[in-house]
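Below is the file structure23.csv, which contains CSV, C-alpha atoms and all ligand atoms.
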```csv
chain,number,residue,atom,x,y,z
J,1,MET,CA,104.8,85.2,-55.9
J,2,THR,CA,107.7,84.6,-53.5
J,3,GLY,CA,111.3,85.0,-54.5
J,4,ALA,CA,113.7,82.2,-55.2
J,5,PHE,CA,115.4,80.5,-52.2
J,6,GLU,CA,119.1,81.4,-52.3
J,7,PRO,CA,121.1,78.9,-50.3
J,8,ARG,CA,124.7,79.9,-49.4
J,9,ASN,CA,125.8,77.1,-47.2
J,10,ILE,CA,124.5,73.6,-48.0
J,11,ILE,CA,125.1,70.0,-46.9
J,12,VAL,CA,125.1,67.4,-49.6
J,13,THR,CA,124.7,63.9,-48.3
J,14,GLY,CA,126.1,61.2,-50.4
J,15,GLY,CA,128.3,63.7,-52.2
J,16,CYS,CA,131.0,61.2,-52.9
J,17,GLY,CA,128.7,58.9,-54.9
J,18,PHE,CA,127.8,59.0,-58.5
J,19,ILE,CA,125.0,61.6,-58.7
J,20,GLY,CA,126.0,63.4,-55.5
J,21,SER,CA,129.5,64.1,-56.7
J,22,ASN,CA,128.3,65.2,-60.2
J,23,PHE,CA,126.0,67.6,-58.3
J,24,VAL,CA,128.8,68.9,-56.1
J,25,ARG,CA,131.1,69.5,-59.1
J,26,TRP,CA,128.2,71.2,-60.9
J,27,VAL,CA,127.4,73.5,-58.0
J,28,ALA,CA,131.1,74.4,-57.6
J,29,ARG,CA,131.2,75.4,-61.2
J,30,GLU,CA,127.9,77.1,-61.7
J,31,HIS,CA,127.4,78.6,-58.2
J,32,PRO,CA,130.8,79.6,-56.9
J,33,ALA,CA,129.3,81.6,-54.0
J,34,VAL,CA,127.8,78.5,-52.4
J,35,HIS,CA,129.7,76.6,-49.8
J,36,VAL,CA,129.2,72.8,-49.8
J,37,THR,CA,129.7,70.4,-46.9
J,38,VAL,CA,129.7,66.9,-48.2
J,39,LEU,CA,128.5,64.3,-45.6
J,40,ASP,CA,129.3,60.8,-46.8
J,41,LYS,CA,129.9,57.5,-45.0
J,42,LEU,CA,132.2,56.3,-47.8
J,43,THR,CA,130.6,53.0,-48.3
J,44,TYR,CA,131.8,50.8,-51.2
J,45,ALA,CA,129.9,53.3,-53.5
J,46,GLY,CA,131.5,56.4,-52.1
J,47,ASN,CA,134.9,57.6,-53.4
J,48,PRO,CA,136.5,60.9,-52.2
J,49,ALA,CA,138.4,61.0,-55.5
J,50,ASN,CA,135.0,61.9,-57.1
J,51,ILE,CA,135.2,65.4,-55.6
J,52,ALA,CA,139.0,65.8,-55.5
J,53,GLY,CA,140.5,68.9,-56.9
J,54,LEU,CA,137.6,71.2,-56.0
J,55,PRO,CA,138.5,74.5,-54.1
J,56,ALA,CA,139.0,73.5,-50.4
J,57,GLU,CA,137.5,76.8,-49.2
J,58,ARG,CA,134.2,76.0,-51.0
J,59,VAL,CA,133.9,72.2,-50.7
J,60,GLU,CA,134.6,70.3,-47.5
J,61,LEU,CA,134.2,66.6,-46.8
J,62,VAL,CA,132.9,65.3,-43.5
J,63,VAL,CA,133.1,61.5,-43.3
J,64,GLY,CA,130.0,60.2,-41.4
J,65,ASP,CA,126.7,58.4,-41.3
J,66,VAL,CA,123.4,60.1,-42.0
J,67,CYS,CA,121.9,57.8,-39.3
J,68,ASP,CA,124.2,59.5,-36.6
J,69,ALA,CA,121.9,61.9,-34.8
J,70,GLY,CA,124.7,63.3,-32.6
J,71,LEU,CA,126.8,64.1,-35.7
J,72,LEU,CA,123.8,65.8,-37.3
J,73,ASP,CA,123.3,67.9,-34.2
J,74,ARG,CA,126.8,69.2,-34.5
J,75,LEU,CA,126.9,69.6,-38.3
J,76,VAL,CA,123.4,70.9,-39.4
J,77,PRO,CA,123.1,74.2,-37.4
J,78,GLY,CA,124.4,77.1,-39.4
J,79,HIS,CA,123.6,75.5,-42.8
J,80,ASP,CA,120.6,76.7,-44.8
J,81,ALA,CA,119.8,73.6,-46.8
J,82,ILE,CA,120.5,69.8,-47.1
J,83,VAL,CA,120.4,68.1,-50.4
J,84,HIS,CA,120.0,64.5,-49.6
J,85,PHE,CA,121.5,62.0,-52.1
J,86,ALA,CA,122.9,59.5,-49.6
J,87,ALA,CA,121.4,56.0,-50.1
J,88,GLU,CA,122.1,52.4,-50.8
J,89,SER,CA,121.2,52.6,-54.5
J,90,HIS,CA,121.5,49.3,-56.2
J,91,ASN,CA,118.5,47.0,-56.7
J,92,ASP,CA,120.5,43.8,-57.0
J,93,ASN,CA,122.3,44.4,-53.7
J,94,SER,CA,118.9,45.1,-52.1
J,95,ILE,CA,117.6,41.7,-53.1
J,96,ALA,CA,120.7,40.0,-51.7
J,97,ASP,CA,120.7,42.0,-48.4
J,98,PRO,CA,117.9,44.5,-47.7
J,99,ASP,CA,119.3,45.4,-44.3
J,100,PRO,CA,121.5,48.5,-45.1
J,101,PHE,CA,118.7,49.8,-47.4
J,102,VAL,CA,116.2,50.0,-44.6
J,103,ARG,CA,118.8,51.5,-42.3
J,104,THR,CA,120.3,54.2,-44.6
J,105,ASN,CA,117.4,55.0,-46.8
J,106,VAL,CA,114.6,54.9,-44.2
J,107,GLU,CA,116.3,55.7,-40.9
J,108,GLY,CA,118.8,58.0,-42.4
J,109,THR,CA,116.1,60.1,-44.0
J,110,TYR,CA,114.2,60.2,-40.7
J,111,ARG,CA,117.3,61.4,-38.9
J,112,LEU,CA,117.8,64.2,-41.4
J,113,LEU,CA,114.2,65.2,-41.2
J,114,GLU,CA,114.5,65.4,-37.4
J,115,ALA,CA,117.6,67.6,-37.7
J,116,CYS,CA,115.8,69.9,-40.3
J,117,ARG,CA,112.9,70.2,-37.9
J,118,ARG,CA,115.1,71.0,-35.0
J,119,TYR,CA,117.3,73.6,-36.7
J,120,GLY,CA,114.8,75.1,-39.3
J,121,VAL,CA,116.9,73.9,-42.3
J,122,ARG,CA,115.4,73.3,-45.7
J,123,LEU,CA,115.6,69.8,-47.3
J,124,HIS,CA,115.6,68.6,-50.8
J,125,HIS,CA,115.1,64.8,-50.9
J,126,VAL,CA,116.5,63.0,-54.0
J,127,SER,CA,114.4,60.0,-54.9
J,128,THR,CA,113.6,57.6,-57.7
J,129,ASP,CA,110.9,56.9,-60.3
J,130,GLU,CA,110.9,53.3,-59.1
J,131,VAL,CA,108.6,54.3,-56.2
J,132,TYR,CA,105.8,54.2,-58.8
J,133,GLY,CA,106.5,50.6,-59.7
J,134,ASP,CA,106.4,49.6,-63.3
J,135,LEU,CA,104.2,49.8,-66.4
J,136,ALA,CA,103.4,47.1,-68.9
J,137,LEU,CA,105.6,47.1,-72.0
J,138,ASP,CA,102.6,48.0,-74.2
J,139,GLU,CA,101.0,50.6,-71.8
J,140,PRO,CA,101.2,54.0,-73.5
J,141,ARG,CA,101.2,56.2,-70.4
J,142,ARG,CA,104.1,57.6,-68.3
J,143,PHE,CA,104.3,58.2,-64.6
J,144,ARG,CA,103.0,61.5,-63.2
J,145,PRO,CA,103.6,62.9,-59.7
J,146,ASP,CA,100.1,62.0,-58.3
J,147,ASP,CA,100.3,58.3,-59.4
J,148,PRO,CA,100.0,55.8,-56.5
J,149,TYR,CA,103.2,54.4,-54.9
J,150,ARG,CA,103.7,50.7,-55.9
J,151,PRO,CA,107.4,49.9,-55.3
J,152,ASN,CA,108.5,46.4,-56.2
J,153,SER,CA,112.0,45.9,-54.8
J,154,PRO,CA,113.5,46.3,-51.4
J,155,TYR,CA,115.5,49.3,-52.7
J,156,SER,CA,112.5,51.1,-54.2
J,157,SER,CA,110.3,50.3,-51.2
J,158,SER,CA,112.9,51.8,-48.9
J,159,LYS,CA,113.0,54.9,-51.1
J,160,ALA,CA,109.2,55.1,-51.2
J,161,SER,CA,109.2,54.9,-47.4
J,162,SER,CA,111.7,57.8,-47.2
J,163,ASP,CA,109.5,59.9,-49.5
J,164,LEU,CA,106.5,59.3,-47.3
J,165,LEU,CA,108.4,60.4,-44.2
J,166,VAL,CA,109.3,63.6,-46.0
J,167,ARG,CA,105.7,64.2,-46.9
J,168,ALA,CA,104.5,63.7,-43.3
J,169,TRP,CA,107.3,66.0,-41.8
J,170,VAL,CA,106.2,68.8,-44.2
J,171,ARG,CA,102.5,68.4,-43.3
J,172,THR,CA,102.8,67.7,-39.5
J,173,TYR,CA,105.9,69.7,-38.5
J,174,GLY,CA,106.1,72.3,-41.3
J,175,VAL,CA,109.5,71.2,-42.4
J,176,ARG,CA,110.4,73.0,-45.6
J,177,ALA,CA,111.1,70.1,-48.0
J,178,THR,CA,110.8,69.2,-51.6
J,179,ILE,CA,111.1,65.8,-53.4
J,180,SER,CA,112.3,64.9,-56.9
J,181,ASN,CA,111.9,61.4,-58.4
J,182,CYS,CA,114.3,60.9,-61.3
J,183,SER,CA,114.7,58.2,-63.9
J,184,ASN,CA,117.9,56.2,-64.7
J,185,ASN,CA,121.0,58.4,-64.7
J,186,TYR,CA,124.1,57.8,-66.8
J,187,GLY,CA,127.4,59.6,-67.1
J,188,PRO,CA,130.9,59.7,-65.5
J,189,TYR,CA,131.7,58.4,-62.0
J,190,GLN,CA,128.9,55.8,-62.0
J,191,HIS,CA,129.8,52.6,-60.1
J,192,VAL,CA,130.6,49.6,-62.2
J,193,GLU,CA,127.8,47.6,-60.6
J,194,LYS,CA,125.2,49.6,-62.7
J,195,PHE,CA,124.0,48.6,-66.2
J,196,ILE,CA,125.9,51.0,-68.5
J,197,PRO,CA,129.3,51.1,-66.7
J,198,ARG,CA,129.2,47.3,-66.1
J,199,GLN,CA,128.8,46.6,-69.8
J,200,VAL,CA,131.3,49.2,-70.9
J,201,THR,CA,134.0,48.0,-68.5
J,202,ASN,CA,133.2,44.4,-69.3
J,203,VAL,CA,134.1,45.1,-72.9
J,204,LEU,CA,137.2,47.0,-71.9
J,205,CYS,CA,138.3,44.0,-69.7
J,206,GLY,CA,137.5,41.4,-72.4
J,207,ARG,CA,134.5,40.0,-70.5
J,208,ARG,CA,131.2,39.6,-72.3
J,209,PRO,CA,128.4,42.0,-71.3
J,210,ARG,CA,125.4,40.4,-69.4
J,211,LEU,CA,121.7,41.0,-70.2
J,212,TYR,CA,119.0,40.0,-67.7
J,213,GLY,CA,115.9,38.1,-68.7
J,214,THR,CA,114.4,39.0,-72.1
J,215,GLY,CA,116.4,42.3,-72.4
J,216,ARG,CA,113.0,44.0,-73.3
J,217,ASN,CA,112.7,45.9,-70.0
J,218,VAL,CA,112.6,49.6,-70.6
J,219,ARG,CA,114.3,52.4,-68.7
J,220,ASP,CA,114.1,56.2,-69.2
J,221,TRP,CA,117.7,57.5,-69.4
J,222,ILE,CA,118.8,60.9,-68.4
J,223,HIS,CA,122.3,62.4,-68.3
J,224,VAL,CA,123.5,63.0,-64.7
J,225,GLU,CA,124.2,66.7,-65.4
J,226,ASP,CA,120.6,67.3,-66.5
J,227,HIS,CA,119.6,65.7,-63.2
J,228,SER,CA,121.9,68.0,-61.2
J,229,ARG,CA,120.3,71.1,-62.8
J,230,ALA,CA,116.9,69.8,-62.0
J,231,VAL,CA,117.8,69.2,-58.4
J,232,TRP,CA,119.1,72.8,-58.1
J,233,ASP,CA,116.0,74.2,-59.8
J,234,VAL,CA,113.7,72.3,-57.4
J,235,LEU,CA,115.8,73.3,-54.4
J,236,THR,CA,115.8,77.0,-55.2
J,237,ARG,CA,112.5,77.5,-57.0
J,238,GLY,CA,110.3,74.4,-56.3
J,239,ARG,CA,107.3,74.8,-54.0
J,240,VAL,CA,107.6,73.4,-50.5
J,241,GLY,CA,105.8,70.1,-50.1
J,242,GLU,CA,105.7,69.3,-53.8
J,243,THR,CA,107.1,66.4,-55.8
J,244,TYR,CA,108.7,66.9,-59.2
J,245,LEU,CA,109.4,64.1,-61.6
J,246,VAL,CA,112.7,64.3,-63.5
J,247,GLY,CA,113.0,62.6,-66.9
J,248,ALA,CA,114.4,63.5,-70.3
J,249,ASP,CA,112.2,61.5,-72.7
J,250,GLY,CA,114.9,58.9,-72.9
J,251,GLU,CA,113.0,55.6,-73.0
J,252,ARG,CA,115.0,52.6,-74.4
J,253,SER,CA,114.9,48.9,-73.9
J,254,ASN,CA,118.0,47.3,-72.2
J,255,ILE,CA,118.9,45.4,-75.4
J,256,GLU,CA,118.8,48.6,-77.4
J,257,VAL,CA,121.2,50.3,-75.0
J,258,LEU,CA,123.5,47.3,-75.0
J,259,ARG,CA,123.6,47.1,-78.8
J,260,GLU,CA,124.4,50.8,-78.9
J,261,ILE,CA,127.3,50.3,-76.5
J,262,LEU,CA,128.6,47.3,-78.6
J,263,ARG,CA,128.3,49.4,-81.8
J,264,LEU,CA,130.1,52.4,-80.3
J,265,MET,CA,132.8,50.1,-79.0
J,266,GLY,CA,133.3,48.3,-82.3
J,267,GLN,CA,131.9,44.9,-81.1
J,268,PRO,CA,129.5,42.5,-82.9
J,269,GLU,CA,125.9,43.1,-81.9
J,270,ASP,CA,125.6,39.6,-80.4
J,271,ALA,CA,128.8,39.8,-78.3
J,272,PHE,CA,127.0,39.4,-75.0
J,273,ASP,CA,125.5,36.7,-72.7
J,274,TRP,CA,121.9,36.3,-71.6
J,275,VAL,CA,121.7,35.7,-67.8
J,276,ARG,CA,118.9,34.9,-65.4
J,277,ASP,CA,116.4,37.6,-64.7
J,278,ARG,CA,116.4,39.9,-61.7
J,279,PRO,CA,113.6,38.8,-59.3
J,280,GLY,CA,110.7,41.2,-59.4
J,281,HIS,CA,112.3,43.0,-62.3
J,282,ASP,CA,110.4,46.2,-63.2
J,283,ARG,CA,109.2,46.0,-66.8
J,284,ARG,CA,108.9,49.5,-68.1
J,285,ILE,CA,109.6,52.8,-66.3
J,286,ALA,CA,108.8,56.1,-68.0
J,287,ILE,CA,108.5,59.6,-66.7
J,288,ASP,CA,106.2,62.5,-67.6
J,289,PRO,CA,108.3,65.6,-66.7
J,290,THR,CA,105.6,68.2,-67.6
J,291,LYS,CA,105.4,69.7,-64.1
J,292,LEU,CA,109.2,70.3,-63.9
J,293,ARG,CA,109.2,71.8,-67.5
J,294,ASP,CA,106.1,74.0,-67.0
J,295,GLU,CA,106.6,75.2,-63.5
J,296,LEU,CA,110.4,75.6,-63.4
J,297,GLY,CA,111.3,75.9,-67.1
J,298,TRP,CA,113.8,73.0,-66.8
J,299,ARG,CA,114.9,71.5,-70.1
J,300,PRO,CA,117.5,68.7,-70.6
J,301,VAL,CA,120.7,69.8,-72.4
J,302,HIS,CA,122.0,66.3,-73.2
J,303,THR,CA,119.3,65.3,-75.7
J,304,ASP,CA,121.4,63.1,-78.0
J,305,PHE,CA,121.7,59.8,-76.1
J,306,SER,CA,124.2,58.2,-78.5
J,307,GLU,CA,126.5,61.2,-78.1
J,308,GLY,CA,126.1,61.1,-74.3
J,309,LEU,CA,126.8,57.4,-74.3
J,310,ALA,CA,129.9,57.8,-76.5
J,311,GLN,CA,131.3,60.5,-74.2
J,312,THR,CA,130.6,58.2,-71.2
J,313,ILE,CA,132.4,55.3,-72.9
J,314,CYS,CA,135.4,57.6,-73.5
J,315,TRP,CA,135.3,58.6,-69.8
J,316,TYR,CA,135.6,55.0,-68.7
J,317,ARG,CA,138.3,54.3,-71.3
J,318,ASP,CA,140.3,57.3,-69.9
J,319,HIS,CA,139.7,56.5,-66.2
J,320,GLU,CA,140.6,52.9,-65.8
J,321,ASP,CA,142.5,53.8,-62.6
J,322,TRP,CA,139.1,55.0,-61.2
J,323,TRP,CA,137.0,51.9,-61.9
J,324,ARG,CA,139.6,49.0,-61.9
J,325,PRO,CA,139.8,48.6,-58.1
J,326,ALA,CA,136.0,47.9,-57.8
J,327,LYS,CA,135.6,45.8,-60.9
J,328,GLU,CA,136.8,42.4,-59.7
J,329,ALA,CA,134.8,42.4,-56.4
J,330,THR,CA,131.7,43.6,-58.3
J,331,GLU,CA,131.9,40.8,-60.9
J,332,ALA,CA,132.6,38.2,-58.2
J,333,ARG,CA,129.4,39.3,-56.5
J,334,TYR,CA,127.5,38.9,-59.8
J,335,ASP,CA,129.1,35.5,-60.5
J,336,ALA,CA,127.9,34.3,-57.1
J,337,LEU,CA,124.3,35.3,-58.1
J,338,GLY,CA,124.6,33.8,-61.6
J,339,MET,CA,124.0,37.2,-63.2
S,401,LIG,P1,125.6,55.8,-55.2
S,401,LIG,O1,125.4,54.5,-54.7
S,401,LIG,O2,126.6,56.0,-56.4
S,401,LIG,O3,126.1,56.8,-54.0
S,401,LIG,C1,125.6,56.8,-52.8
S,401,LIG,C2,126.5,57.6,-51.9
S,401,LIG,O4,125.9,57.7,-50.5
S,401,LIG,C3,127.9,57.0,-51.7
S,401,LIG,O5,128.8,58.1,-51.7
S,401,LIG,C4,127.8,56.4,-50.3
S,401,LIG,O6,129.1,56.4,-49.6
S,401,LIG,C5,126.9,57.4,-49.6
S,401,LIG,N1,126.2,56.7,-48.4
S,401,LIG,C6,125.6,55.5,-48.4
S,401,LIG,N2,125.1,55.3,-47.1
S,401,LIG,C7,125.4,56.4,-46.4
S,401,LIG,C8,125.1,56.7,-45.0
S,401,LIG,N3,124.5,55.9,-44.2
S,401,LIG,N4,125.5,57.9,-44.6
S,401,LIG,C9,126.2,58.8,-45.4
S,401,LIG,N5,126.5,58.5,-46.7
S,401,LIG,C10,126.1,57.3,-47.2
S,401,LIG,O7,124.2,56.4,-55.6
S,401,LIG,P2,123.7,57.3,-56.8
S,401,LIG,O8,123.4,56.4,-57.9
S,401,LIG,O9,124.6,58.4,-56.9
S,401,LIG,O10,122.3,57.8,-56.2
S,401,LIG,C11,122.2,58.9,-55.4
S,401,LIG,C12,120.7,59.2,-55.0
S,401,LIG,O11,119.9,59.3,-56.2
S,401,LIG,C13,120.1,58.0,-54.2
S,401,LIG,O12,119.3,58.6,-53.2
S,401,LIG,C14,119.3,57.3,-55.3
S,401,LIG,O13,118.2,56.7,-54.7
S,401,LIG,C15,118.9,58.4,-56.2
S,401,LIG,N6,118.6,58.1,-57.6
S,401,LIG,C16,119.5,57.4,-58.3
S,401,LIG,C17,119.3,57.2,-59.7
S,401,LIG,C18,120.3,56.5,-60.6
S,401,LIG,O14,120.0,56.3,-61.7
S,401,LIG,N7,121.5,56.1,-60.1
S,401,LIG,C19,118.1,57.6,-60.3
S,401,LIG,C20,117.1,58.2,-59.4
S,401,LIG,C21,117.4,58.5,-58.1
S,402,LIG,O1,124.3,43.5,-65.8
S,402,LIG,C1,123.1,44.0,-65.9
S,402,LIG,N1,122.3,43.6,-66.9
S,402,LIG,C2,121.0,44.0,-67.0
S,402,LIG,O2,120.3,43.6,-68.0
S,402,LIG,C3,122.7,45.0,-65.0
S,402,LIG,C4,123.6,45.5,-63.9
S,402,LIG,C5,121.4,45.5,-65.2
S,402,LIG,N2,120.6,45.0,-66.2
S,402,LIG,C6,119.2,45.6,-66.3
S,402,LIG,C7,118.4,45.7,-65.1
S,402,LIG,C8,117.6,47.0,-65.4
S,402,LIG,O3,116.4,46.7,-66.2
S,402,LIG,O4,119.5,47.0,-66.8
S,402,LIG,C9,118.5,47.9,-66.2
S,402,LIG,C10,119.2,48.9,-65.4
S,402,LIG,O5,119.8,48.3,-64.3
S,402,LIG,P1,120.5,49.1,-63.1
S,402,LIG,O6,121.6,49.9,-63.7
S,402,LIG,O7,120.8,48.2,-62.0
S,402,LIG,O8,119.4,50.2,-62.7
S,402,LIG,P2,117.9,50.1,-62.2
S,402,LIG,O9,117.6,48.8,-61.5
S,402,LIG,O10,117.0,50.4,-63.3
S,402,LIG,O11,117.9,51.3,-61.1
S,402,LIG,C11,118.5,52.5,-61.4
S,402,LIG,O12,117.6,53.5,-61.7
S,402,LIG,C12,116.7,53.9,-60.6
S,402,LIG,C13,119.4,53.0,-60.2
S,402,LIG,O13,120.4,52.0,-59.9
S,402,LIG,C14,118.6,53.3,-59.0
S,402,LIG,O14,119.4,53.9,-58.0
S,402,LIG,C15,117.6,54.4,-59.5
S,402,LIG,O15,116.8,54.7,-58.4
```
How would this structure read if it were set down as structure tokens?
Amino acid sequence: MTGAFEPRNIIVTGGCGFIGSNFVRWVAREHPAVHVTVLDKLTYAGNPANIAGLPAERVELVVGDVCDAGLLDRLVPGHDAIVHFAAESHNDNSIADPDPFVRTNVEGTYRLLEACRRYGVRLHHVSTDEVYGDLALDEPRRFRPDDPYRPNSPYSSSKASSDLLVRAWVRTYGVRATISNCSNNYGPYQHVEKFIPRQVTNVLCGRRPRLYGTGRNVRDWIHVEDHSRAVWDVLTRGRVGETYLVGADGERSNIEVLREILRLMGQPEDAFDWVRDRPGHDRRIAIDPTKLRDELGWRPVHTDFSEGLAQTICWYRDHEDWWRPAKEATEARYDALGM
């Protein structure tokens, strides 16, 4: 049995986005001996305020693109691991314009793999459960790591492509890499384009929430902090070349989640609008996290979804300055799509 990998000096790509910034704050709190260099392009989804206030001697921000090979040549040597969150992450955007998804998610991962190969740096690649496609609503099984890849959207197919590049670079070049595929995250600092923050901020703005299609699609919700701990566990104790699925037994239909938001916010349960469905909309996504639990002993801490949702609603109530600047443009994009 080999000992745990103990990184001291890591690069976190996409560390100014939702999950990346939660991970950076979590590492700064739980592992104070680790130095973090955040590499982030600061797209519409990246906000330096998400990591503001962390000790400057331990967390540094480099603004740049993961596709920039010259920048990676300067930045990567001397680090012992890269945790790769940077991506275009929103399905609806990928349907409207797939271009940046192929570039950042596929080419960006390729450039990072090449840098890891050149400088002998370990990589943890953060991916999604959507690479496995979807399940029928009445199908009892959940996704397992060895299931076939069947992505359905431009976003999930670009993430699937990036996972396959990682796999090949491990096998062919001996790059030390791991992959985790996680289900739907919720919690603070999530962009208002995503389901839960969109509905919560709609209610706060006096707009009606919007439900796609039948509302029966199922997602498997996990608190972002539980995801952060899973990423750390896989980075430090996961086996090179392996894939770990991350999920917290949190399956709920979209209409159930929306009704819970409305209840917690004191609104009538029918105070929302039905809108047209997302093209290619994945029906049910569900994760079997047995491998992560059995091999690495990971367990979710945030097991009460209603409580986590209530805390998340409070966070958006208390941080209007954070979400307000993005809200109008986001809703204008949705209005143009009729969604
Ligand atoms: P996000 O959209 O909130 O953040 C993405 C971050 O990446 C932003 O800070 C953005 O500025 C940065 N970025 C984008 N393109 C870049 C580039 N070319 N170079 C450098 N930085 C760039 O995304 P998120 O929801 O935090 O997701 C993070 C990762 O987790 C993604 O890889 C996503 O596929 C994966 N994931 C997300 C979820 C979820 O529920 N949100 C679930 C499973 C997996
Ligand atoms: O207004 C809405 N109404 C609605 O019914 C929005 C924004 C979404 N939805 C539905 C679509 C999905 O079934 O809610 C569900 C969740 O939607 P999103 O928040 O857009 O997430 P999803 O498409 O499931 O993808 C998420 O989980 C997997 C993340 O955005 C991805 O980055 C991650 O990989």
Using only C-alpha atoms and all ligand atoms, find the one residue out of J:Leu135, J:Leu123, J:Ile255, J:Leu337 that sits nearest to ligand LIG 402 (chain S). J:Ile255
What does the list of residues within 7 Å of ligand LIG 401 (chain S) look like if you count all atoms listed in the file, written as a PyMOL selection string? chain J and resi 13-20+39-47+64-67+84-90+104+108+126-129+159+181-186+190-191
Selection within 8 Å of ligand LIG 402 (chain S) by all atoms listed in the file, output as number ranges by chain: J: 88-92, 127-130, 155-156, 182-185, 193-196, 198-199, 209-213, 215, 217-219, 254-255, 275, 277-278, 281-283, 339
Serialized selection, C-alpha atoms, as a JSON list (two decimals), keeping the file's coordinate frame:
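What landed in again.json:
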```json
[["chain", "number", "residue", "atom", "x", "y", "z"],
["J", 88, "GLU", "CA", 122.10, 52.40, -50.80],
["J", 89, "SER", "CA", 121.20, 52.60, -54.50],
["J", 90, "HIS", "CA", 121.50, 49.30, -56.20],
["J", 91, "ASN", "CA", 118.50, 47.00, -56.70],
["J", 92, "ASP", "CA", 120.50, 43.80, -57.00],
["J", 127, "SER", "CA", 114.40, 60.00, -54.90],
["J", 128, "THR", "CA", 113.60, 57.60, -57.70],
["J", 129, "ASP", "CA", 110.90, 56.90, -60.30],
["J", 130, "GLU", "CA", 110.90, 53.30, -59.10],
["J", 155, "TYR", "CA", 115.50, 49.30, -52.70],
["J", 156, "SER", "CA", 112.50, 51.10, -54.20],
["J", 182, "CYS", "CA", 114.30, 60.90, -61.30],
["J", 183, "SER", "CA", 114.70, 58.20, -63.90],
["J", 184, "ASN", "CA", 117.90, 56.20, -64.70],
["J", 185, "ASN", "CA", 121.00, 58.40, -64.70],
["J", 193, "GLU", "CA", 127.80, 47.60, -60.60],
["J", 194, "LYS", "CA", 125.20, 49.60, -62.70],
["J", 195, "PHE", "CA", 124.00, 48.60, -66.20],
["J", 196, "ILE", "CA", 125.90, 51.00, -68.50],
["J", 198, "ARG", "CA", 129.20, 47.30, -66.10],
["J", 199, "GLN", "CA", 128.80, 46.60, -69.80],
["J", 209, "PRO", "CA", 128.40, 42.00, -71.30],
["J", 210, "ARG", "CA", 125.40, 40.40, -69.40],
["J", 211, "LEU", "CA", 121.70, 41.00, -70.20],
["J", 212, "TYR", "CA", 119.00, 40.00, -67.70],
["J", 213, "GLY", "CA", 115.90, 38.10, -68.70],
["J", 215, "GLY", "CA", 116.40, 42.30, -72.40],
["J", 217, "ASN", "CA", 112.70, 45.90, -70.00],
["J", 218, "VAL", "CA", 112.60, 49.60, -70.60],
["J", 219, "ARG", "CA", 114.30, 52.40, -68.70],
["J", 254, "ASN", "CA", 118.00, 47.30, -72.20],
["J", 255, "ILE", "CA", 118.90, 45.40, -75.40],
["J", 275, "VAL", "CA", 121.70, 35.70, -67.80],
["J", 277, "ASP", "CA", 116.40, 37.60, -64.70],
["J", 278, "ARG", "CA", 116.40, 39.90, -61.70],
["J", 281, "HIS", "CA", 112.30, 43.00, -62.30],
["J", 282, "ASP", "CA", 110.40, 46.20, -63.20],
["J", 283, "ARG", "CA", 109.20, 46.00, -66.80],
["J", 339, "MET", "CA", 124.00, 37.20, -63.20]]
```
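Among the candidates J:Pro279, J:Pro154, J:Pro289, J:Gly250, the residue lying nearest to Thr303 of chain J is J:Gly250 (atoms considered: only C-alpha atoms).
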Could you give me, as JSON, numbers by chain, the residues within 6 Å of segment 223-231 of chain J, counting all atoms listed in the file and dropping anything in the same chain fewer than 2 positions from it? {"J": [23, 185, 186, 187, 233, 234, 300]}
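Using all atoms listed in the file, the smallest distance between any of J:Ala96, J:Leu61, J:Ala310, J:Ala286 and Glu139 of chain J comes from J:Ala286.
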Protein and nucleic acid residues near (114.0, 65.0, -40.4) (cut-off 12 Å, only C-alpha atoms) as a compact mmCIF listing (two decimals) with C-alpha atoms, keeping the file's coordinate frame:
```txt
# COMPACT_ATOMS: atom_id res chain seq x y z
CA VAL J 66 123.40 60.10 -42.00
CA CYS J 67 121.90 57.80 -39.30
CA ALA J 69 121.90 61.90 -34.80
CA LEU J 72 123.80 65.80 -37.30
CA ASP J 73 123.30 67.90 -34.20
CA VAL J 76 123.40 70.90 -39.40
CA ILE J 82 120.50 69.80 -47.10
CA HIS J 84 120.00 64.50 -49.60
CA VAL J 106 114.60 54.90 -44.20
CA GLU J 107 116.30 55.70 -40.90
CA GLY J 108 118.80 58.00 -42.40
CA THR J 109 116.10 60.10 -44.00
CA TYR J 110 114.20 60.20 -40.70
CA ARG J 111 117.30 61.40 -38.90
CA LEU J 112 117.80 64.20 -41.40
CA LEU J 113 114.20 65.20 -41.20
CA GLU J 114 114.50 65.40 -37.40
CA ALA J 115 117.60 67.60 -37.70
CA CYS J 116 115.80 69.90 -40.30
CA ARG J 117 112.90 70.20 -37.90
CA ARG J 118 115.10 71.00 -35.00
CA TYR J 119 117.30 73.60 -36.70
CA GLY J 120 114.80 75.10 -39.30
CA VAL J 121 116.90 73.90 -42.30
CA ARG J 122 115.40 73.30 -45.70
CA LEU J 123 115.60 69.80 -47.30
CA HIS J 124 115.60 68.60 -50.80
CA HIS J 125 115.10 64.80 -50.90
CA SER J 162 111.70 57.80 -47.20
CA ASP J 163 109.50 59.90 -49.50
CA LEU J 164 106.50 59.30 -47.30
CA LEU J 165 108.40 60.40 -44.20
CA VAL J 166 109.30 63.60 -46.00
CA ARG J 167 105.70 64.20 -46.90
CA ALA J 168 104.50 63.70 -43.30
CA TRP J 169 107.30 66.00 -41.80
CA VAL J 170 106.20 68.80 -44.20
CA THR J 172 102.80 67.70 -39.50
CA TYR J 173 105.90 69.70 -38.50
CA GLY J 174 106.10 72.30 -41.30
CA VAL J 175 109.50 71.20 -42.40
CA ARG J 176 110.40 73.00 -45.60
CA ALA J 177 111.10 70.10 -48.00
```
